[in-house]
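Listing of work.txt, compact mmCIF, C-alpha atoms and all ligand atoms
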# COMPACT_ATOMS: atom_id res chain seq x y z
CA MET A 66 -38.21 -18.23 0.24
CA THR A 67 -40.82 -17.53 -2.40
CA LEU A 68 -40.06 -17.99 -6.06
CA GLY A 69 -40.01 -14.22 -6.51
CA THR A 70 -37.49 -13.75 -3.68
CA ARG A 71 -35.26 -16.51 -5.09
CA LEU A 72 -35.31 -14.91 -8.58
CA LEU A 73 -34.41 -11.53 -7.10
CA ALA A 74 -31.49 -13.04 -5.13
CA ALA A 75 -30.17 -14.81 -8.24
CA LEU A 76 -30.39 -11.58 -10.19
CA LEU A 77 -28.46 -9.69 -7.51
CA ILE A 78 -25.70 -12.33 -7.58
CA LEU A 79 -25.46 -12.27 -11.38
CA LEU A 80 -25.69 -8.52 -11.91
CA PRO A 81 -22.16 -7.46 -10.95
CA ALA A 82 -20.61 -10.18 -13.13
CA ALA A 83 -22.88 -9.33 -16.03
CA GLY A 84 -22.06 -5.67 -15.53
CA ALA A 85 -18.34 -6.39 -15.54
CA ARG A 86 -18.67 -8.44 -18.72
CA SER A 87 -20.56 -5.74 -20.58
CA ALA A 88 -18.32 -2.80 -19.52
CA GLU A 89 -15.93 -1.42 -22.24
CA PRO A 90 -12.28 -2.29 -21.49
CA ALA A 91 -10.41 0.74 -20.22
CA PRO A 92 -8.56 2.33 -23.16
CA ALA A 93 -4.83 1.55 -23.19
CA GLU A 94 -2.61 4.45 -22.17
CA GLY A 95 -1.20 6.18 -25.26
CA PRO A 96 2.44 7.00 -26.01
CA ALA A 97 2.01 10.71 -25.30
CA SER A 98 0.68 10.07 -21.81
CA LEU A 99 3.37 7.46 -21.17
CA ALA A 100 6.02 9.91 -22.32
CA ALA A 101 4.67 12.63 -20.04
CA ARG A 102 4.58 10.26 -17.09
CA PHE A 103 8.11 9.11 -17.94
CA GLU A 104 9.34 12.70 -17.67
CA GLU A 105 7.55 13.13 -14.34
CA ALA A 106 9.05 9.95 -12.91
CA PHE A 107 12.48 10.78 -14.31
CA ALA A 108 12.41 14.29 -12.88
CA ALA A 109 11.34 12.86 -9.52
CA GLY A 110 14.32 10.51 -9.57
CA ASP A 111 12.16 7.37 -9.80
CA TYR A 112 14.22 5.83 -12.60
CA ALA A 113 12.80 2.32 -12.18
CA LYS A 114 9.29 3.64 -12.77
CA ALA A 115 10.57 5.82 -15.61
CA LEU A 116 12.19 2.78 -17.20
CA ALA A 117 9.00 0.73 -16.94
CA LEU A 118 7.03 3.53 -18.59
CA ALA A 119 9.57 3.92 -21.40
CA GLU A 120 9.59 0.15 -21.98
CA LYS A 121 5.81 0.12 -22.10
CA ARG A 122 5.88 2.96 -24.62
CA ASN A 123 8.48 1.13 -26.65
CA GLU A 124 6.16 -1.88 -26.84
CA ILE A 125 3.16 0.04 -28.11
CA VAL A 126 4.58 2.65 -30.44
CA GLU A 127 4.86 1.77 -34.06
CA GLU A 128 7.61 2.87 -36.37
CA PRO A 129 11.07 3.62 -35.12
CA HIS A 130 10.87 3.70 -31.38
CA LEU A 131 13.44 6.46 -31.31
CA ALA A 132 12.19 8.54 -28.42
CA ALA A 133 11.22 5.53 -26.32
CA LEU A 134 14.56 3.81 -26.91
CA TYR A 135 16.35 7.03 -26.08
CA ASP A 136 14.39 7.30 -22.83
CA ILE A 137 15.18 3.67 -21.98
CA ALA A 138 18.86 4.49 -22.47
CA ARG A 139 18.54 7.51 -20.18
CA ALA A 140 16.73 5.61 -17.46
CA ARG A 141 19.19 2.68 -17.67
CA ALA A 142 22.06 5.13 -17.37
CA MET A 143 20.56 6.64 -14.23
CA LEU A 144 19.94 3.16 -12.81
CA GLY A 145 23.64 2.42 -13.13
CA SER A 146 23.35 -0.09 -16.00
CA PRO A 147 25.84 1.19 -18.60
CA ASP A 148 25.70 -1.96 -20.77
CA GLU A 149 21.93 -1.84 -21.09
CA SER A 150 22.03 1.92 -21.57
CA TYR A 151 24.54 1.49 -24.38
CA GLU A 152 22.41 -1.23 -26.01
CA ALA A 153 19.31 0.96 -25.92
CA LEU A 154 21.18 3.98 -27.28
CA LYS A 155 22.64 1.83 -30.04
CA ARG A 156 19.19 0.54 -30.93
CA ALA A 157 17.96 4.14 -31.04
CA ALA A 158 20.89 5.04 -33.29
CA ASP A 159 20.25 2.06 -35.57
CA ALA A 160 16.61 3.14 -35.82
CA GLY A 161 17.74 6.62 -36.93
CA PHE A 162 18.09 8.69 -33.77
CA SER A 163 20.30 11.59 -34.81
CA ASP A 164 20.13 14.30 -32.13
CA VAL A 165 23.78 14.27 -31.08
CA SER A 166 23.66 17.59 -29.28
CA ARG A 167 20.84 16.25 -27.10
CA ILE A 168 22.96 13.25 -26.09
CA ARG A 169 25.97 15.44 -25.40
CA LYS A 170 23.97 17.80 -23.22
CA ASP A 171 21.98 15.09 -21.42
CA PRO A 172 23.14 14.78 -17.79
CA ALA A 173 22.16 11.10 -17.88
CA PHE A 174 25.07 10.40 -20.26
CA ARG A 175 27.63 12.79 -18.79
CA GLU A 176 29.77 10.09 -17.19
CA LEU A 177 29.10 7.43 -19.80
CA LEU A 178 30.42 9.72 -22.53
CA GLU A 179 33.83 9.30 -20.98
CA GLU A 180 33.72 5.68 -22.14
CA GLU A 181 35.21 5.03 -25.54
CA ARG A 182 32.28 2.88 -26.75
CA PHE A 183 29.79 5.66 -25.99
CA ARG A 184 31.98 8.29 -27.59
CA SER A 185 32.39 6.27 -30.74
CA LEU A 186 28.68 5.48 -30.87
CA VAL A 187 27.86 9.19 -30.61
CA ARG A 188 30.48 10.02 -33.22
CA GLY A 189 28.92 7.45 -35.56
CA ILE A 190 25.50 9.06 -35.03
CA TRP A 191 27.02 12.47 -35.78
CA ALA A 192 28.74 11.23 -38.94
CA ARG A 193 25.61 9.62 -40.33
CA ALA A 194 23.54 12.74 -39.70
CA TYR A 195 26.27 14.99 -41.13
CA LEU A 196 26.62 12.90 -44.28
CA ALA A 197 22.85 12.90 -44.75
CA MET A 198 22.84 16.69 -44.37
CA LEU A 199 25.57 17.11 -46.99
CA GLU A 200 23.89 14.75 -49.42
CA ARG A 201 20.31 15.97 -48.95
CA PRO A 202 18.80 16.17 -52.45
CA GLU A 203 17.40 19.69 -51.97
CA ARG A 204 20.94 20.99 -51.44
CA ALA A 205 21.38 20.93 -55.21
CA ASP A 206 18.79 23.73 -55.51
CA PHE A 207 21.24 26.27 -54.12
CA GLN A 208 24.54 24.42 -54.43
CA LYS A 209 24.11 23.94 -58.19
CA PRO A 210 26.88 21.32 -58.45
CA ASP A 211 26.66 20.97 -62.23
CA GLN A 212 26.98 24.72 -62.76
CA VAL A 213 29.84 24.87 -60.26
CA MET A 214 31.65 22.06 -62.08
CA LYS A 215 31.13 23.81 -65.40
CA ALA A 216 32.51 27.07 -64.01
CA LEU A 217 35.52 25.26 -62.54
CA ALA A 218 36.35 23.90 -66.00
CA MET A 219 38.61 21.16 -64.63
CA ARG A 220 41.01 19.84 -67.21
CA PRO A 221 41.93 16.20 -67.75
CA GLY A 222 45.15 15.56 -65.87
CA GLU A 223 44.58 18.37 -63.36
CA ARG A 224 45.81 17.87 -59.78
CA VAL A 225 43.16 18.96 -57.30
CA ALA A 226 43.01 19.11 -53.51
CA ASP A 227 39.45 19.00 -52.20
CA ILE A 228 39.97 20.27 -48.66
CA GLY A 229 37.08 19.48 -46.34
CA ALA A 230 35.89 16.86 -48.79
CA GLY A 231 33.02 15.72 -46.55
CA SER A 232 30.82 13.16 -48.24
CA GLY A 233 32.66 13.60 -51.54
CA TYR A 234 29.95 15.86 -52.91
CA PHE A 235 32.53 17.53 -55.15
CA THR A 236 35.34 14.97 -54.89
CA ILE A 237 33.52 12.49 -57.11
CA PRO A 238 32.61 14.85 -59.98
CA VAL A 239 36.08 16.40 -59.82
CA ALA A 240 37.71 12.94 -59.97
CA LYS A 241 35.63 12.16 -63.05
CA ALA A 242 36.48 15.52 -64.64
CA VAL A 243 40.25 15.22 -64.22
CA GLY A 244 40.19 11.60 -65.36
CA PRO A 245 42.70 8.82 -64.77
CA GLY A 246 45.60 11.11 -65.69
CA GLY A 247 44.70 13.52 -62.92
CA VAL A 248 44.66 13.16 -59.18
CA VAL A 249 42.40 14.36 -56.39
CA TRP A 250 43.42 14.55 -52.76
CA ALA A 251 40.27 14.22 -50.68
CA ILE A 252 41.36 15.91 -47.48
CA ASP A 253 39.41 16.01 -44.24
CA ILE A 254 39.85 16.08 -40.48
CA ALA A 255 37.12 13.46 -39.99
CA GLN A 256 37.99 9.84 -40.69
CA GLU A 257 34.28 9.00 -41.04
CA MET A 258 34.06 11.31 -44.08
CA LEU A 259 37.06 9.67 -45.70
CA ASP A 260 35.66 6.19 -45.00
CA HIS A 261 32.43 7.23 -46.69
CA ILE A 262 34.29 8.57 -49.72
CA ALA A 263 36.30 5.34 -49.90
CA LYS A 264 33.06 3.38 -50.30
CA ARG A 265 31.84 5.75 -53.00
CA LEU A 266 35.12 5.44 -54.89
CA GLU A 267 34.81 1.69 -54.86
CA ARG A 268 31.24 1.83 -56.11
CA GLU A 269 32.19 4.30 -58.84
CA ARG A 270 35.43 2.41 -59.67
CA LEU A 271 37.46 5.60 -59.38
CA THR A 272 41.16 5.09 -58.74
CA ASN A 273 42.53 8.63 -58.96
CA VAL A 274 41.55 9.84 -55.48
CA ARG A 275 43.90 9.79 -52.47
CA LEU A 276 42.32 10.06 -49.03
CA VAL A 277 44.21 12.18 -46.54
CA LYS A 278 43.28 12.67 -42.91
CA VAL A 279 44.73 15.92 -41.65
CA SER A 280 44.80 18.06 -38.53
CA LYS A 281 42.71 21.20 -38.59
CA ASP A 282 45.53 23.63 -39.23
CA ASP A 283 47.60 21.74 -41.79
CA PRO A 284 46.26 20.55 -45.16
CA GLN A 285 49.45 18.55 -45.83
CA LEU A 286 49.64 19.42 -49.49
CA PRO A 287 52.56 18.19 -51.59
CA PRO A 288 54.88 21.20 -52.07
CA GLN A 289 53.92 23.03 -55.26
CA GLY A 290 52.09 19.88 -56.31
CA VAL A 291 48.49 21.07 -56.72
CA ASP A 292 46.87 22.96 -59.59
CA THR A 293 43.54 23.65 -57.92
CA ILE A 294 42.68 23.78 -54.25
CA LEU A 295 38.95 23.55 -53.69
CA MET A 296 37.36 24.47 -50.37
CA VAL A 297 33.58 24.26 -50.35
CA ASP A 298 31.84 25.28 -47.11
CA THR A 299 35.04 24.57 -45.21
CA ILE A 300 37.18 27.69 -44.88
CA HIS A 301 34.87 29.09 -42.20
CA TYR A 302 36.03 26.24 -39.92
CA VAL A 303 39.65 27.39 -40.08
CA GLN A 304 40.72 29.59 -37.18
CA ASP A 305 43.77 31.46 -38.47
CA ARG A 306 42.90 31.66 -42.15
CA THR A 307 45.89 33.75 -43.22
CA ALA A 308 48.37 31.32 -41.66
CA TYR A 309 46.42 28.47 -43.26
CA ALA A 310 46.38 30.21 -46.64
CA ARG A 311 50.17 30.47 -46.53
CA LYS A 312 50.27 26.68 -46.28
CA LEU A 313 47.84 26.46 -49.18
CA ARG A 314 50.06 28.74 -51.17
CA ALA A 315 53.08 26.51 -50.54
CA GLY A 316 51.11 23.60 -52.02
CA LEU A 317 50.09 25.40 -55.19
CA ALA A 318 51.99 24.73 -58.39
CA PRO A 319 52.93 27.84 -60.41
CA GLY A 320 49.79 29.18 -62.06
CA GLY A 321 47.58 27.28 -59.60
CA ARG A 322 44.37 28.56 -58.07
CA LEU A 323 42.54 28.45 -54.76
CA VAL A 324 38.77 28.15 -55.11
CA VAL A 325 36.59 29.04 -52.14
CA ILE A 326 32.85 28.61 -51.93
CA ASP A 327 31.34 29.59 -48.60
CA TYR A 328 28.25 31.03 -47.05
CA VAL A 329 27.35 34.69 -47.32
CA PRO A 330 26.68 35.72 -43.71
CA LYS A 331 23.00 35.85 -42.81
CA PRO A 332 21.14 36.01 -39.49
CA PHE A 333 19.87 32.70 -38.15
CA GLU A 334 16.23 33.84 -38.54
CA GLU A 335 16.79 34.23 -42.28
CA ARG A 336 18.75 31.02 -42.77
CA PRO A 337 18.31 28.56 -39.93
CA TRP A 338 20.91 26.16 -41.38
CA GLY A 339 24.51 26.32 -42.55
CA PRO A 340 27.29 27.71 -40.36
CA LEU A 341 26.38 29.42 -37.12
CA PRO A 342 26.39 33.23 -37.34
CA GLU A 343 29.62 33.42 -35.32
CA GLN A 344 31.34 31.06 -37.79
CA GLN A 345 30.29 32.87 -40.95
CA VAL A 346 32.97 34.77 -42.85
CA ALA A 347 32.13 37.76 -45.02
CA ARG A 348 33.66 37.84 -48.49
CA GLU A 349 35.52 41.14 -47.82
CA ILE A 350 37.13 39.69 -44.72
CA LEU A 351 38.15 36.55 -46.57
CA ASP A 352 39.62 38.58 -49.47
CA ALA A 353 41.70 40.58 -46.97
CA GLU A 354 42.87 37.44 -45.16
CA MET A 355 43.81 35.77 -48.44
CA ALA A 356 45.56 38.95 -49.64
CA ALA A 357 47.69 38.88 -46.48
CA ALA A 358 48.86 35.43 -47.58
CA GLY A 359 49.64 36.60 -51.11
CA PHE A 360 46.42 35.65 -52.93
CA THR A 361 44.56 37.96 -55.30
CA VAL A 362 41.09 37.53 -56.69
CA LEU A 363 41.31 35.96 -60.09
CA ARG A 364 37.60 35.66 -60.71
CA ALA A 365 34.31 35.57 -58.79
CA HIS A 366 31.14 33.81 -59.91
CA ASP A 367 27.79 35.19 -58.83
CA PHE A 368 25.26 32.50 -59.71
CA LEU A 369 25.05 30.91 -56.25
CA THR A 370 22.31 32.29 -54.05
CA GLU A 371 23.66 31.42 -50.59
CA GLN A 372 27.40 31.41 -51.13
CA TYR A 373 30.18 33.40 -52.68
CA PHE A 374 32.34 31.52 -55.17
CA VAL A 375 35.80 33.01 -55.61
CA GLU A 376 38.91 31.87 -57.45
CA TYR A 377 42.16 33.25 -56.07
CA SER A 378 45.60 33.07 -57.60
CA THR A 379 49.05 33.93 -56.40
CA ASP A 380 49.91 35.54 -59.71
CA ALA A 381 48.78 39.13 -59.87
CA ALA A 382 46.26 38.51 -62.65
CA PRO A 383 43.55 41.18 -63.04
CA ALA A 384 40.17 40.34 -61.54
CA GLY A 385 37.95 38.95 -64.29
CA GLY A 386 40.97 37.94 -66.37
CA PRO A 387 41.54 34.48 -67.74
CA ALA A 388 42.48 31.64 -65.41
CA PRO A 389 46.10 30.66 -65.84
CA ALA A 390 46.53 27.32 -67.52
CA PRO A 391 47.83 24.55 -65.31
CA PRO A 392 51.51 23.91 -65.94
CA PRO A 393 52.46 21.16 -68.37
CA ARG A 394 52.90 17.78 -66.71
C1 LIG B 1 30.32 21.55 -44.49
S1 LIG B 1 31.37 20.21 -44.87
C2 LIG B 1 31.60 20.46 -46.60
C3 LIG B 1 31.95 19.18 -47.31
C4 LIG B 1 32.12 19.29 -48.83
N1 LIG B 1 33.13 20.23 -49.20
C5 LIG B 1 30.82 19.66 -49.48
O1 LIG B 1 30.74 20.71 -50.11
O2 LIG B 1 29.87 18.89 -49.36
C6 LIG B 1 32.91 20.66 -44.18
C7 LIG B 1 33.92 19.52 -44.10
O3 LIG B 1 35.18 20.07 -43.76
C8 LIG B 1 35.80 19.25 -42.80
N2 LIG B 1 36.71 20.15 -42.08
C9 LIG B 1 36.43 21.04 -41.12
N3 LIG B 1 37.53 21.71 -40.77
C10 LIG B 1 38.54 21.25 -41.53
C11 LIG B 1 39.93 21.56 -41.63
N4 LIG B 1 40.49 22.49 -40.86
N5 LIG B 1 40.67 20.87 -42.52
C12 LIG B 1 40.11 19.92 -43.31
N6 LIG B 1 38.79 19.58 -43.25
C13 LIG B 1 38.02 20.25 -42.37
C14 LIG B 1 34.67 18.67 -42.00
O4 LIG B 1 35.05 17.48 -41.37
C15 LIG B 1 33.62 18.45 -43.08
O5 LIG B 1 33.73 17.19 -43.65
Take the structure in this file and express it as structure tokens.
Amino acid sequence: MTLGTRLLAALLILLPAAGARSAEPAPAEGPASLAARFEEAFAAGDYAKALALAEKRNEIVEEPHLAALYDIARARAMLGSPDESYEALKRAADAGFSDVSRIRKDPAFRELLEEERFRSLVRGIWARAYLAMLERPERADFQKPDQVMKALAMRPGERVADIGAGSGYFTIPVAKAVGPGGVVWAIDIAQEMLDHIAKRLERERLTNVRLVKVSKDDPQLPPQGVDTILMVDTIHYVQDRTAYARKLRAGLAPGGRLVVIDYVPKPFEERPWGPLPEQQVAREILDAEMAAAGFTVLRAHDFLTEQYFVEYSTDAAPAGGPAPAPPPR
């Protein structure tokens, strides 16, 4: 072999290795592609492959791995691993996953949602999202809580039932306004809301609020024991409002008032939040329902842009007339 032939042979041996060394590494597959391939594998029923793809995505994505964790939970559920599915769903929830309706509609969780731990996990996700919705700072732009409180003119010592108290959005300012001589019943059907209010009361060192968990058709008011019943964004949840209003009436002390703030009906395209169109209650309908229970309009305030704000009484005071003073205590 001549020197030239030997050099050529050596070059041929080295070339592939040199080529391999100089080639750019193949770019890593991105989260979007992994997510798309997950859906393909999931739809094809290859849950093991889907799981591997979701786990890979979970390793590479930064910031809360919500979607990847959710997909891991789905794939684990389909692979018959409820414990691991629960763990992944819980991790997604802890990272901020909040799409409860997606979980409830997802066939992967249909059977698991019959288990208490899954149900309570989903309920916790719902409560956190609901509380965040109620407390969103931009709500104040239309809810105008300070102006509402001013219009309500709560008196020290007043006894108030905040029905559908939610996060305590109004419970807390009302409790401050009526002071230690007054009392506020924070009433709700959801224990999670009351638990949240309990924490706020502790932080604010307020001791004049009683938490009452009720069923949806009975506010459990003390007979003739309440000066003001406040229902903000809640009356639209009540099915038979006239029957309910009769119970409210039985709880009102002489001269008491029922205050309702609720959404003016609007199509979803105009206001894609708030109660669903089928839940919305027009003011005229509410007035008629309340009238059937013996309430008349005492006064209506018109400074809210999304809601009506009406004070009703059971005494036939003229609309626009003065609010009756709470009875002496
Ligand atoms: C949209 S939130 C309003 C909360 C609060 N009033 C506010 O303005 O932020 C409605 C609340 O009413 C509660 N709720 C719904 N139906 C109810 C009923 N029939 N009796 C008592 N509370 C009810 C819900 O659990 C929820 O906390």
May I ask you to write as a PDB file with C-alpha atoms, in the frame of the given file all residues lying at most 9 Å from ligand LIG 1 (chain B), with only C-alpha atoms and all ligand atoms counted?
ATOM      1  CA  TYR A 195      26.270  14.990 -41.130  1.00  0.00           C
ATOM      2  CA  LEU A 196      26.620  12.900 -44.280  1.00  0.00           C
ATOM      3  CA  MET A 198      22.840  16.690 -44.370  1.00  0.00           C
ATOM      4  CA  LEU A 199      25.570  17.110 -46.990  1.00  0.00           C
ATOM      5  CA  GLU A 200      23.890  14.750 -49.420  1.00  0.00           C
ATOM      6  CA  GLN A 208      24.540  24.420 -54.430  1.00  0.00           C
ATOM      7  CA  ASP A 227      39.450  19.000 -52.200  1.00  0.00           C
ATOM      8  CA  ILE A 228      39.970  20.270 -48.660  1.00  0.00           C
ATOM      9  CA  GLY A 229      37.080  19.480 -46.340  1.00  0.00           C
ATOM     10  CA  ALA A 230      35.890  16.860 -48.790  1.00  0.00           C
ATOM     11  CA  GLY A 231      33.020  15.720 -46.550  1.00  0.00           C
ATOM     12  CA  SER A 232      30.820  13.160 -48.240  1.00  0.00           C
ATOM     13  CA  GLY A 233      32.660  13.600 -51.540  1.00  0.00           C
ATOM     14  CA  TYR A 234      29.950  15.860 -52.910  1.00  0.00           C
ATOM     15  CA  PHE A 235      32.530  17.530 -55.150  1.00  0.00           C
ATOM     16  CA  THR A 236      35.340  14.970 -54.890  1.00  0.00           C
ATOM     17  CA  ILE A 252      41.360  15.910 -47.480  1.00  0.00           C
ATOM     18  CA  ASP A 253      39.410  16.010 -44.240  1.00  0.00           C
ATOM     19  CA  ILE A 254      39.850  16.080 -40.480  1.00  0.00           C
ATOM     20  CA  ALA A 255      37.120  13.460 -39.990  1.00  0.00           C
ATOM     21  CA  GLN A 256      37.990   9.840 -40.690  1.00  0.00           C
ATOM     22  CA  GLU A 257      34.280   9.000 -41.040  1.00  0.00           C
ATOM     23  CA  MET A 258      34.060  11.310 -44.080  1.00  0.00           C
ATOM     24  CA  LEU A 259      37.060   9.670 -45.700  1.00  0.00           C
ATOM     25  CA  LYS A 278      43.280  12.670 -42.910  1.00  0.00           C
ATOM     26  CA  VAL A 279      44.730  15.920 -41.650  1.00  0.00           C
ATOM     27  CA  SER A 280      44.800  18.060 -38.530  1.00  0.00           C
ATOM     28  CA  LYS A 281      42.710  21.200 -38.590  1.00  0.00           C
ATOM     29  CA  ASP A 282      45.530  23.630 -39.230  1.00  0.00           C
ATOM     30  CA  ASP A 283      47.600  21.740 -41.790  1.00  0.00           C
ATOM     31  CA  PRO A 284      46.260  20.550 -45.160  1.00  0.00           C
ATOM     32  CA  LEU A 295      38.950  23.550 -53.690  1.00  0.00           C
ATOM     33  CA  MET A 296      37.360  24.470 -50.370  1.00  0.00           C
ATOM     34  CA  VAL A 297      33.580  24.260 -50.350  1.00  0.00           C
ATOM     35  CA  ASP A 298      31.840  25.280 -47.110  1.00  0.00           C
ATOM     36  CA  THR A 299      35.040  24.570 -45.210  1.00  0.00           C
ATOM     37  CA  ILE A 300      37.180  27.690 -44.880  1.00  0.00           C
ATOM     38  CA  HIS A 301      34.870  29.090 -42.200  1.00  0.00           C
ATOM     39  CA  TYR A 302      36.030  26.240 -39.920  1.00  0.00           C
ATOM     40  CA  VAL A 303      39.650  27.390 -40.080  1.00  0.00           C
ATOM     41  CA  GLN A 304      40.720  29.590 -37.180  1.00  0.00           C
ATOM     42  CA  TYR A 309      46.420  28.470 -43.260  1.00  0.00           C
ATOM     43  CA  ILE A 326      32.850  28.610 -51.930  1.00  0.00           C
ATOM     44  CA  GLY A 339      24.510  26.320 -42.550  1.00  0.00           C
ATOM     45  CA  PRO A 340      27.290  27.710 -40.360  1.00  0.00           C
TER      46      PRO A 340
END
The centre and edge lengths of an axis-aligned box containing all atoms of segment 370-374 of chain A present in the file, extended by 3 Å on each side, are to be given in Å to one decimal, as lines of an AutoDock Vina configuration file.
center_x = 27.3
center_y = 32.4
center_z = -52.9
size_x = 16.0
size_y = 8.0
size_z = 10.6
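If you look at atom CA of Ala115 of chain A and atom CA of Asp136 of chain A, they are 8.3 Å away from each other.
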*Pick out the closest residue to Thr293 of chain A from this set: A:Arg220, A:Arg364, A:Arg275, A:Lys155. Count all atoms listed in the file.*
A:Arg220
*Measuring atom to atom with all atoms listed in the file, identify which of A:Gly321, A:Pro330, A:Pro96, A:Gly222 is nearest to Glu124 of chain A.*
A:Pro96
*Would you list the contacts of segment 185-191 of chain A as a ChimeraX atom specification, taking every protein, DNA or RNA residue within 9 Å and counting all atoms listed in the file, but skipping same-chain residues closer than 2 positions in sequence?*
/A:151,154-155,158-159,161-166,168-169,178,180-183,193-196,257
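Nearest residue to Lys215 of chain A, choosing from A:Tyr112, A:Phe103, A:His366, A:Met355 and counting only C-alpha atoms: A:His366.
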